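> Sharing run02.tsv below, TSV, C-alpha atoms:
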chain	number	residue	atom	x	y	z
A	1	MET	CA	-33.16	-21.33	-93.77
A	2	ALA	CA	-31.62	-23.44	-91.00
A	3	GLN	CA	-34.53	-22.31	-88.85
A	4	SER	CA	-37.13	-23.98	-91.06
A	5	ALA	CA	-35.08	-27.17	-91.39
A	6	ALA	CA	-34.93	-27.77	-87.64
A	7	PRO	CA	-38.68	-28.11	-86.86
A	8	ALA	CA	-39.11	-30.38	-89.91
A	9	SER	CA	-36.58	-32.87	-88.57
A	10	ILE	CA	-38.21	-32.71	-85.13
A	11	SER	CA	-41.74	-33.29	-86.42
A	12	SER	CA	-40.70	-36.26	-88.57
A	13	ALA	CA	-39.39	-37.99	-85.46
A	14	ALA	CA	-42.25	-36.77	-83.21
A	15	PRO	CA	-45.37	-38.86	-82.59
A	16	ALA	CA	-48.52	-38.15	-84.63
A	17	VAL	CA	-50.40	-34.96	-83.77
A	18	ALA	CA	-53.32	-35.57	-81.40
A	19	PRO	CA	-56.75	-34.83	-82.91
A	20	ILE	CA	-58.95	-31.99	-81.61
A	21	SER	CA	-62.13	-33.28	-79.97
A	22	LEU	CA	-65.21	-32.95	-82.18
A	23	LYS	CA	-67.16	-31.54	-79.22
A	24	ALA	CA	-64.77	-28.59	-79.12
A	25	ILE	CA	-65.09	-28.03	-82.87
A	26	ALA	CA	-68.89	-28.39	-83.18
A	27	PRO	CA	-70.08	-25.00	-81.87
A	28	TRP	CA	-67.51	-23.12	-83.97
A	29	ALA	CA	-68.31	-25.21	-87.02
A	30	VAL	CA	-72.05	-24.55	-86.70
A	31	PHE	CA	-71.95	-20.79	-86.10
A	32	PHE	CA	-69.00	-19.84	-88.25
A	33	GLY	CA	-69.75	-22.45	-90.89
A	34	ILE	CA	-73.17	-20.88	-91.43
A	35	LEU	CA	-71.80	-17.33	-91.28
A	36	MET	CA	-69.17	-18.16	-93.92
A	37	LEU	CA	-71.76	-19.82	-96.15
A	38	ILE	CA	-73.92	-16.68	-95.94
A	39	LEU	CA	-70.91	-14.59	-97.03
A	40	LEU	CA	-70.34	-16.97	-99.95
A	41	TYR	CA	-74.01	-16.70	-100.89
A	42	PHE	CA	-73.75	-12.91	-101.12
A	43	VAL	CA	-70.61	-13.10	-103.26
A	44	GLY	CA	-71.82	-15.97	-105.41
A	45	ALA	CA	-75.57	-15.92	-105.88
A	46	GLU	CA	-77.46	-12.94	-104.36
A	47	GLN	CA	-79.50	-10.99	-106.93
A	48	GLY	CA	-78.78	-13.69	-109.50
A	49	ALA	CA	-80.90	-16.80	-109.12
A	50	THR	CA	-82.52	-15.52	-105.90
A	51	SER	CA	-82.77	-12.07	-104.29
A	52	LEU	CA	-82.97	-11.27	-100.59
A	53	LEU	CA	-82.33	-7.58	-101.29
A	54	SER	CA	-84.12	-5.75	-104.07
A	55	GLY	CA	-82.30	-4.08	-106.94
A	56	GLU	CA	-79.06	-5.04	-108.70
A	57	ASN	CA	-76.41	-3.28	-106.63
A	58	VAL	CA	-74.90	-6.38	-104.98
A	59	HIS	CA	-74.88	-8.27	-108.27
A	60	GLU	CA	-73.31	-5.38	-110.19
A	61	TRP	CA	-70.73	-4.68	-107.48
A	62	VAL	CA	-69.35	-8.24	-107.28
A	63	HIS	CA	-70.00	-8.87	-111.02
A	64	ASP	CA	-66.39	-9.45	-112.10
A	65	GLY	CA	-65.55	-11.49	-109.01
A	66	ARG	CA	-68.55	-13.69	-109.63
A	67	HIS	CA	-67.46	-14.43	-113.21
A	68	LEU	CA	-63.81	-15.02	-112.34
A	69	LEU	CA	-64.59	-17.17	-109.28
A	70	GLY	CA	-66.69	-19.48	-111.45
A	71	PHE	CA	-70.21	-18.68	-110.23
A	72	PRO	CA	-73.03	-18.49	-112.78
A	73	CYS	CA	-73.81	-14.81	-113.32
A	74	HIS	CA	-76.79	-13.49	-115.31
B	1	MET	CA	-57.16	-34.92	-77.34
B	2	ASN	CA	-55.42	-31.80	-78.55
B	3	PRO	CA	-56.08	-28.80	-76.30
B	4	VAL	CA	-55.35	-26.23	-79.04
B	5	SER	CA	-58.07	-23.59	-79.34
B	6	VAL	CA	-60.43	-23.94	-82.30
B	7	ARG	CA	-61.00	-20.20	-82.14
B	8	ALA	CA	-57.27	-19.50	-82.63
B	9	LEU	CA	-57.17	-21.80	-85.67
B	10	LEU	CA	-60.34	-20.27	-87.10
B	11	VAL	CA	-58.93	-16.74	-86.79
B	12	ARG	CA	-55.69	-17.87	-88.46
B	13	GLY	CA	-57.69	-19.56	-91.22
B	14	MET	CA	-59.58	-16.37	-91.97
B	15	LEU	CA	-56.35	-14.34	-91.95
B	16	ALA	CA	-54.62	-16.85	-94.23
B	17	GLY	CA	-57.72	-16.73	-96.45
B	18	LEU	CA	-57.42	-12.95	-96.62
B	19	GLY	CA	-53.73	-13.18	-97.53
B	20	ALA	CA	-54.39	-15.83	-100.15
B	21	GLY	CA	-57.31	-13.73	-101.40
B	22	ILE	CA	-54.93	-10.81	-102.01
B	23	LEU	CA	-52.65	-13.05	-104.10
B	24	ALA	CA	-55.67	-14.40	-106.00
B	25	LEU	CA	-56.91	-10.85	-106.55
B	26	VAL	CA	-53.63	-9.89	-108.23
B	27	VAL	CA	-53.92	-12.93	-110.53
B	28	ALA	CA	-57.60	-12.20	-111.23
B	29	TYR	CA	-56.86	-8.58	-112.07
B	30	LEU	CA	-53.80	-9.23	-114.25
B	31	LEU	CA	-54.85	-12.47	-115.99
B	32	GLY	CA	-58.64	-12.39	-115.79
B	33	GLU	CA	-59.78	-8.82	-116.34
B	34	PRO	CA	-58.49	-8.47	-119.95
B	35	HIS	CA	-60.75	-11.38	-120.96
B	36	VAL	CA	-63.72	-10.02	-119.01
B	37	ASP	CA	-63.27	-6.76	-120.95
B	38	ALA	CA	-62.98	-8.64	-124.25
B	39	ALA	CA	-66.18	-10.56	-123.47
B	40	ILE	CA	-68.02	-7.36	-122.57
B	41	ALA	CA	-66.83	-5.78	-125.84
B	42	PHE	CA	-68.32	-8.79	-127.67
B	43	GLU	CA	-71.54	-8.42	-125.67
B	44	GLU	CA	-71.83	-4.76	-126.69
B	45	THR	CA	-71.44	-5.43	-130.40
B	46	HIS	CA	-74.13	-8.16	-130.26
B	47	SER	CA	-76.11	-6.42	-127.63
B	48	HIS	CA	-79.52	-7.16	-126.43
B	49	ASP	CA	-80.62	-3.93	-124.71
B	50	HIS	CA	-78.56	-3.45	-121.57
B	51	GLY	CA	-80.21	-0.80	-119.35
B	52	PRO	CA	-78.24	1.91	-117.50
B	53	GLU	CA	-74.88	1.03	-115.93
B	54	VAL	CA	-75.40	0.65	-112.15
B	55	VAL	CA	-71.72	0.29	-111.25
B	56	SER	CA	-69.02	1.59	-113.62
B	57	ARG	CA	-66.64	-0.86	-115.30
B	58	THR	CA	-63.69	0.76	-113.52
B	59	LEU	CA	-65.25	0.09	-110.11
B	60	GLN	CA	-66.37	-3.40	-111.09
B	61	SER	CA	-62.88	-4.40	-112.21
B	62	THR	CA	-61.11	-2.99	-109.14
B	63	ALA	CA	-63.03	-2.42	-105.88
B	64	GLY	CA	-65.86	-4.75	-106.90
B	65	LEU	CA	-63.50	-7.53	-107.92
B	66	ALA	CA	-61.51	-7.02	-104.70
B	67	THR	CA	-64.66	-7.27	-102.55
B	68	GLY	CA	-65.71	-10.48	-104.24
B	69	VAL	CA	-62.35	-12.23	-104.15
B	70	LEU	CA	-61.38	-11.14	-100.62
B	71	VAL	CA	-64.74	-12.05	-99.03
B	72	TYR	CA	-64.55	-15.39	-100.88
B	73	GLY	CA	-61.01	-15.92	-99.53
B	74	VAL	CA	-61.91	-15.10	-95.92
B	75	ALA	CA	-65.08	-17.22	-95.98
B	76	LEU	CA	-63.42	-20.27	-97.54
B	77	GLY	CA	-60.37	-19.75	-95.30
B	78	GLY	CA	-62.65	-20.00	-92.26
B	79	ILE	CA	-64.37	-23.13	-93.55
B	80	ALA	CA	-61.05	-24.71	-94.51
B	81	ALA	CA	-59.69	-23.97	-91.01
B	82	LEU	CA	-62.68	-25.83	-89.52
B	83	ALA	CA	-62.03	-28.72	-91.91
B	84	PHE	CA	-58.39	-28.63	-90.80
B	85	CYS	CA	-59.49	-28.90	-87.13
B	86	VAL	CA	-61.39	-32.09	-87.97
B	87	ALA	CA	-58.67	-33.49	-90.25
B	88	LEU	CA	-55.74	-32.86	-87.89
B	89	GLY	CA	-54.55	-36.18	-86.45
B	90	ARG	CA	-57.41	-38.07	-88.14
B	91	ILE	CA	-56.21	-38.55	-91.72
B	92	GLY	CA	-52.86	-40.18	-90.98
B	93	ARG	CA	-49.55	-39.26	-89.41
B	94	PHE	CA	-49.29	-35.76	-90.84
B	95	GLY	CA	-48.06	-32.65	-89.04
B	96	ALA	CA	-49.81	-29.28	-89.12
B	97	ARG	CA	-48.24	-28.03	-92.35
B	98	ALA	CA	-48.79	-31.26	-94.26
B	99	THR	CA	-52.41	-31.44	-93.02
B	100	ALA	CA	-52.97	-27.82	-94.11
B	101	ALA	CA	-51.51	-28.60	-97.54
B	102	LEU	CA	-53.70	-31.70	-97.91
B	103	VAL	CA	-56.85	-29.85	-96.79
B	104	SER	CA	-56.08	-27.05	-99.29
B	105	ALA	CA	-55.46	-29.47	-102.13
B	106	GLY	CA	-58.64	-31.35	-101.24
B	107	ALA	CA	-60.60	-28.08	-101.18
B	108	LEU	CA	-59.21	-27.00	-104.56
B	109	VAL	CA	-60.23	-30.31	-106.10
B	110	SER	CA	-63.60	-30.79	-104.41
B	111	VAL	CA	-64.87	-27.21	-104.12
B	112	TYR	CA	-63.59	-25.99	-107.48
B	113	MET	CA	-61.96	-28.39	-109.97
B	114	VAL	CA	-64.56	-31.15	-109.96
B	115	PRO	CA	-67.54	-28.74	-110.37
B	116	PHE	CA	-65.49	-26.70	-112.90
B	117	LEU	CA	-64.96	-29.71	-115.18
B	118	LYS	CA	-68.74	-30.12	-115.48
B	119	TYR	CA	-69.89	-26.50	-115.22
B	120	PRO	CA	-66.87	-24.30	-116.06
B	121	ALA	CA	-66.59	-20.58	-115.31
B	122	ASN	CA	-68.11	-18.37	-118.02
B	123	PRO	CA	-67.22	-14.84	-119.09
B	124	PRO	CA	-69.95	-12.20	-119.54
B	125	SER	CA	-72.28	-12.83	-122.51
B	126	VAL	CA	-71.91	-16.63	-122.20
B	127	GLY	CA	-75.11	-17.99	-120.62
B	128	GLU	CA	-78.79	-17.19	-121.20
B	129	PRO	CA	-80.18	-14.79	-118.57
B	130	ASP	CA	-83.36	-16.92	-118.43
B	131	THR	CA	-81.56	-20.05	-117.23
B	132	ILE	CA	-79.68	-18.41	-114.32
B	133	GLY	CA	-81.84	-20.26	-111.76
B	134	LYS	CA	-81.19	-23.67	-113.27
B	135	ARG	CA	-77.48	-22.99	-113.77
B	136	THR	CA	-77.02	-21.75	-110.21
B	137	THR	CA	-78.89	-24.74	-108.74
B	138	LEU	CA	-76.87	-27.23	-110.77
B	139	TYR	CA	-73.57	-25.54	-109.93
B	140	PHE	CA	-74.21	-25.50	-106.18
B	141	LEU	CA	-75.56	-29.06	-106.34
B	142	MET	CA	-72.36	-30.14	-108.08
B	143	ILE	CA	-70.22	-28.46	-105.38
B	144	ALA	CA	-72.22	-30.08	-102.57
B	145	LEU	CA	-72.03	-33.49	-104.25
B	146	SER	CA	-68.32	-33.16	-104.89
B	147	VAL	CA	-67.56	-32.14	-101.28
B	148	LEU	CA	-69.70	-34.96	-99.87
B	149	LEU	CA	-68.07	-37.51	-102.18
B	150	SER	CA	-64.57	-36.36	-101.27
B	151	VAL	CA	-65.34	-36.58	-97.53
B	152	ALA	CA	-66.76	-40.06	-98.15
B	153	ALA	CA	-63.58	-40.98	-100.06
B	154	VAL	CA	-61.39	-39.87	-97.14
B	155	VAL	CA	-63.50	-41.89	-94.67
B	156	LEU	CA	-63.36	-44.91	-97.01
B	157	GLY	CA	-59.59	-44.55	-97.33
B	158	ARG	CA	-59.16	-44.54	-93.54
B	159	ARG	CA	-61.38	-47.64	-93.21
B	160	LEU	CA	-59.43	-49.53	-95.86
B	161	ALA	CA	-56.01	-48.52	-94.53
B	162	PRO	CA	-55.64	-51.32	-91.91
B	163	ARG	CA	-56.42	-53.99	-94.55
B	164	LEU	CA	-54.75	-52.60	-97.69
B	165	GLY	CA	-52.03	-50.39	-96.22
B	166	ASN	CA	-51.98	-46.62	-96.64
B	167	TRP	CA	-50.88	-46.55	-100.28
B	168	TYR	CA	-53.44	-48.96	-101.74
B	169	ALA	CA	-56.18	-47.62	-99.46
B	170	ALA	CA	-55.54	-44.13	-100.89
B	171	VAL	CA	-55.51	-45.51	-104.45
B	172	ALA	CA	-58.76	-47.43	-103.91
B	173	ALA	CA	-60.52	-44.46	-102.27
B	174	SER	CA	-59.37	-42.13	-105.07
B	175	ALA	CA	-60.59	-44.57	-107.70
B	176	ALA	CA	-63.97	-44.81	-105.97
B	177	PHE	CA	-64.13	-40.99	-105.90
B	178	VAL	CA	-63.34	-40.76	-109.63
B	179	VAL	CA	-66.02	-43.34	-110.49
B	180	ALA	CA	-68.64	-41.58	-108.32
B	181	VAL	CA	-67.79	-38.19	-109.85
B	182	GLY	CA	-67.97	-39.72	-113.32
B	183	LEU	CA	-71.46	-41.03	-112.56
B	184	ALA	CA	-72.52	-37.58	-111.33
B	185	TYR	CA	-71.15	-36.02	-114.54
B	186	ALA	CA	-73.04	-38.56	-116.64
B	187	PHE	CA	-76.40	-38.06	-114.91
B	188	LEU	CA	-76.43	-34.28	-114.35
B	189	PRO	CA	-77.69	-32.29	-117.35
B	190	ALA	CA	-75.14	-30.59	-119.60
B	191	ILE	CA	-75.20	-26.80	-120.06
B	192	ASN	CA	-73.87	-25.29	-123.25
B	193	GLU	CA	-74.95	-21.71	-123.81
B	194	VAL	CA	-71.92	-20.28	-125.60
B	195	PRO	CA	-73.13	-17.95	-128.38
B	196	PRO	CA	-72.18	-19.49	-131.78
B	197	ASP	CA	-69.83	-16.66	-132.78
B	198	PHE	CA	-68.23	-16.08	-129.36
B	199	PRO	CA	-64.40	-16.08	-129.80
B	200	ALA	CA	-63.03	-19.46	-128.65
B	201	VAL	CA	-59.73	-17.94	-127.58
B	202	VAL	CA	-61.41	-15.52	-125.16
B	203	LEU	CA	-63.47	-18.35	-123.63
B	204	TRP	CA	-60.45	-20.64	-123.25
B	205	ARG	CA	-58.20	-17.95	-121.77
B	206	PHE	CA	-60.92	-16.73	-119.44
B	207	ARG	CA	-61.40	-20.26	-118.09
B	208	LEU	CA	-57.64	-20.76	-117.68
B	209	ALA	CA	-57.47	-17.46	-115.78
B	210	ALA	CA	-60.37	-18.56	-113.54
B	211	LEU	CA	-58.47	-21.79	-112.82
B	212	ALA	CA	-55.28	-19.82	-112.10
B	213	VAL	CA	-57.19	-17.67	-109.58
B	214	GLN	CA	-58.30	-20.76	-107.66
B	215	CYS	CA	-54.89	-22.45	-107.80
B	216	THR	CA	-53.30	-19.29	-106.42
B	217	LEU	CA	-55.92	-18.97	-103.70
B	218	TRP	CA	-55.55	-22.53	-102.45
B	219	ALA	CA	-51.77	-22.76	-102.81
B	220	GLY	CA	-51.47	-19.47	-100.92
B	221	PHE	CA	-53.93	-20.59	-98.27
B	222	GLY	CA	-52.24	-23.97	-97.76
B	223	LEU	CA	-48.82	-22.41	-97.28
B	224	LEU	CA	-49.91	-19.45	-95.15
B	225	PHE	CA	-52.29	-21.39	-92.95
B	226	GLY	CA	-49.81	-24.27	-92.62
B	227	TYR	CA	-47.18	-21.84	-91.38
B	228	LEU	CA	-49.56	-20.20	-88.86
B	229	ALA	CA	-51.01	-23.52	-87.64
B	230	GLU	CA	-47.56	-25.05	-87.22
B	231	ARG	CA	-46.47	-22.12	-85.06
B	232	LEU	CA	-49.62	-22.46	-82.99
B	233	LEU	CA	-49.35	-26.23	-82.55
B	234	LEU	CA	-45.63	-26.74	-82.16
B	235	PRO	CA	-44.84	-26.70	-78.42
B	236	ARG	CA	-41.37	-25.25	-79.00
B	237	ALA	CA	-42.72	-22.28	-80.93
B	238	ALA	CA	-45.49	-21.82	-78.37
B	239	SER	CA	-43.07	-21.69	-75.44
B	240	GLU	CA	-40.99	-19.20	-77.38
B	241	ARG	CA	-44.05	-17.04	-77.84
B	242	GLN	CA	-44.86	-17.32	-74.16
B	243	THR	CA	-41.41	-16.08	-73.16
B	244	GLU	CA	-41.84	-13.27	-75.65
B	245	ALA	CA	-45.20	-12.40	-74.16
B	246	VAL	CA	-43.78	-12.50	-70.63
B	247	ALA	CA	-40.93	-10.25	-71.76
B	248	ARG	CA	-43.43	-7.90	-73.37
B	249	THR	CA	-45.65	-7.66	-70.27
B	250	ALA	CA	-42.56	-7.18	-68.15
B	251	ALA	CA	-41.41	-4.40	-70.44
B	252	ALA	CA	-44.87	-2.83	-70.43
B	253	SER	CA	-45.30	-2.81	-66.66
In C-alpha cells, what does this structure look like?

Amino acid sequence: MAQSAAPASISSAAPAVAPISLKAIAPWAVFFGILMLILLYFVGAEQGATSLLSGENVHEWVHDGRHLLGFPCH
Amino acid sequence: MNPVSVRALLVRGMLAGLGAGILALVVAYLLGEPHVDAAIAFEETHSHDHGPEVVSRTLQSTAGLATGVLVYGVALGGIAALAFCVALGRIGRFGARATAALVSAGALVSVYMVPFLKYPANPPSVGEPDTIGKRTTLYFLMIALSVLLSVAAVVLGRRLAPRLGNWYAAVAASAAFVVAVGLAYAFLPAINEVPPDFPAVVLWRFRLAALAVQCTLWAGFGLLFGYLAERLLLPRAASERQTEAVARTAAAS
C-alpha cells in the first residue's frame, strides 16, 4: 500500500484544491439534477401518491426497493 | 478556478453510485428481504382483500429490488457528484477524497437519517393505504427541509469560521442545524399507523436493515467516488494517464 501512502503525504503538503466555477457547474446541475430527480420520483413515488402512468406495474415492480429505501409505499 | 470537467465528475459519480448501489443491493437482499417476507406473511393472515398479484414475489425481491436500488444509487450518485463539484475547494482545505467523504456523510445524514428519525421506513402492512398521499408529501417535505437546513448550516459554518475558528464554527453550525431540525420535528405532524398486533421485532429489524442499506450505499459511494475523483484531480495521476493514453494510441496506430 505504499502507492496509496504517497499521494496522501503530497496532498497534505499541497495547497488547497481550487474550486470549480459555478458557471461551469450550472448547466450540468440543472439538466442532470432534474433528470436524476425524475428517476428518483419513479423509484420512490410513481403510482403511489400520484400516477403519471396508469396501472400498478411500476409500483409493484419496485415495491421491495421502495419499502427498503424508506419511501412510503401503499 | 479549477479546470476539471464537470461532465467527467458527473459520469464518475453515476458510476460510483452504481457500484455503491450493488453493495447496497446485497445488504438489502440479505438483511432486508427476510423481514419484508415476514411482514407480507403477517399481511396475509390479517388480510384485507388483496387483488391478483401483478408481479410475483420472486421477481419483486430480486429483479424488482435490484431495479429500485440501482436506479436510486445512480440518481443519487449523480446528484452527489454535482454537490461535490460545488463543495470542492469551498468547504475548507480538503482534498478530493476528504471532500467526497464529507459530501457522502452529509448526504446520508440530510437525505436519509434526519427524515428517517421523523418518518422511518415501514415494512409492508404498516401504513393505511388511504393516507399514502399525506405520508408521501410529508416525507418529501422532510427531505427537502433537511437538505436545505444542512446547506444553510454549511454556509453558516463558513461565515462563522473567520471569527470563531474552524472548530467552533463547525460546532455552532451543527448546533444550529440540530435546533432547526428539532423545531421541524416538533411542528410536523406525527404518523403512527403500525397495526396494534404487528410484531415489534419485525418492525425494528426491518428499520435497522433499511438503515444498513443507506449506510452501505453512502459509505460505498464516498469511498468509490473519492478514489475516482482523486485520480481525476491529482495532476500526477492525470499525467500518468496521459502517458498511458499516448502509449495506447501509439500502440494502436
> Select, from B:Leu148, B:Leu233, B:Pro196, B:Leu211, the residue with the minimum atom-to-atom distance to Phe116 (chain B), counting only C-alpha atoms.
B:Leu211
> For a quick check of your reading of the model, name the residues lying within 12 Å of the coordinate (-52.5, -30.9, -100.0), counting only C-alpha atoms, and write them as a PyMOL selection string.
chain B and resi 80+84+87+91+94-110+215+218-223+225-226
> For each of B:Leu25, B:Ala39, B:Val4, B:Met142, take the minimum atom-to-atom distance to Gly182 (chain B), counting all atoms listed in the file, then give the residue where this is smallest.
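Smallest separation from Gly182 (chain B) among the options: B:Met142.
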> Contacts between chain B and chain A, please, where a residue of chain A counts if it comes within 9 Å (with all atoms listed in the file); show its shortest atom pair and distance in Å to one decimal, rows by chain and ascending number, as CSV.

residue,atom,partner,partner_atom,distance
A:Pro7,CA,B:Leu234,CA,8.5
A:Ser11,CA,B:Gly95,CA,6.9
A:Ser12,CA,B:Gly95,CA,8.2
A:Pro15,CA,B:Arg93,CA,8.0
A:Ala16,CA,B:Arg93,CA,5.0
A:Val17,CA,B:Gly89,CA,5.1
A:Ala18,CA,B:Asn2,CA,5.2
A:Pro19,CA,B:Gly89,CA,4.4
A:Ile20,CA,B:Asn2,CA,4.7
A:Ser21,CA,B:Met1,CA,5.9
A:Leu22,CA,B:Val86,CA,7.0
A:Ala24,CA,B:Val6,CA,7.1
A:Ile25,CA,B:Val6,CA,6.2
A:Trp28,CA,B:Val6,CA,7.3
A:Ala29,CA,B:Leu82,CA,6.2
A:Phe32,CA,B:Gly78,CA,7.5
A:Gly33,CA,B:Ile79,CA,6.0
A:Leu35,CA,B:Ala75,CA,8.2
A:Met36,CA,B:Ala75,CA,4.7
A:Leu37,CA,B:Ala75,CA,7.2
A:Ile38,CA,B:Ala75,CA,8.9
A:Leu39,CA,B:Ala75,CA,6.5
A:Leu40,CA,B:Tyr72,CA,6.1
A:Phe42,CA,B:Gly68,CA,9.0
A:Val43,CA,B:Gly68,CA,5.6
A:Gly44,CA,B:Gly68,CA,8.3
A:Ala45,CA,B:Thr136,CA,7.4
A:Gly48,CA,B:Ile132,CA,6.8
A:Ala49,CA,B:Gly133,CA,4.5
A:Thr50,CA,B:Gly133,CA,7.6
A:Glu56,CA,B:Val54,CA,7.6
A:Asn57,CA,B:Val54,CA,6.9
A:Glu60,CA,B:Val55,CA,6.0
A:Trp61,CA,B:Gly64,CA,4.9
A:Val62,CA,B:Gly64,CA,5.0
A:His63,CA,B:Gln60,CA,6.6
A:Asp64,CA,B:Leu65,CA,5.4
A:Gly65,CA,B:Leu65,CA,4.6
A:Arg66,CA,B:Gly68,CA,6.9
A:His67,CA,B:Pro123,CA,5.9
A:Leu68,CA,B:Ala210,CA,5.1
A:Leu69,CA,B:Ala210,CA,6.2
A:Gly70,CA,B:Ala121,CA,4.0
A:Phe71,CA,B:Ala121,CA,6.5
A:Pro72,CA,B:Thr136,CA,5.8
A:Cys73,CA,B:Ile132,CA,7.0
A:His74,CA,B:Pro129,CA,4.9
> So which residues touch Gly157 (chain B) within 6 Å, counting only C-alpha atoms, skipping near sequence neighbours fewer than 5 positions away, as a PyMOL selection string?
chain B and resi 169-170+173
> State, in Å with one decimal place, the distance from CA of Pro199 (chain B) to CA of Pro34 (chain B).
13.8 Å
> Considering all atoms listed in the file, state which residue in the set B:Phe42, B:Tyr185, B:Trp167, B:Phe177 is at the smallest distance from Ala152 (chain B).
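The closest residue to Ala152 (chain B) is B:Phe177.
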> CA of Val178 (chain B) and CA of Ser150 (chain B), how far apart in Å?
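Separating CA of Ser150 (chain B) from CA of Val178 (chain B) is a distance of 9.5 Å.
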> Hey, could you pull the box centre and edge lengths for region 46-56 of chain A, axis-aligned, 5 Å padding per side, all listed atoms, to one decimal in Å, as JSON?

{"center_x": -80.8, "center_y": -10.4, "center_z": -105.0, "size_x": 16.7, "size_y": 22.7, "size_z": 18.9}
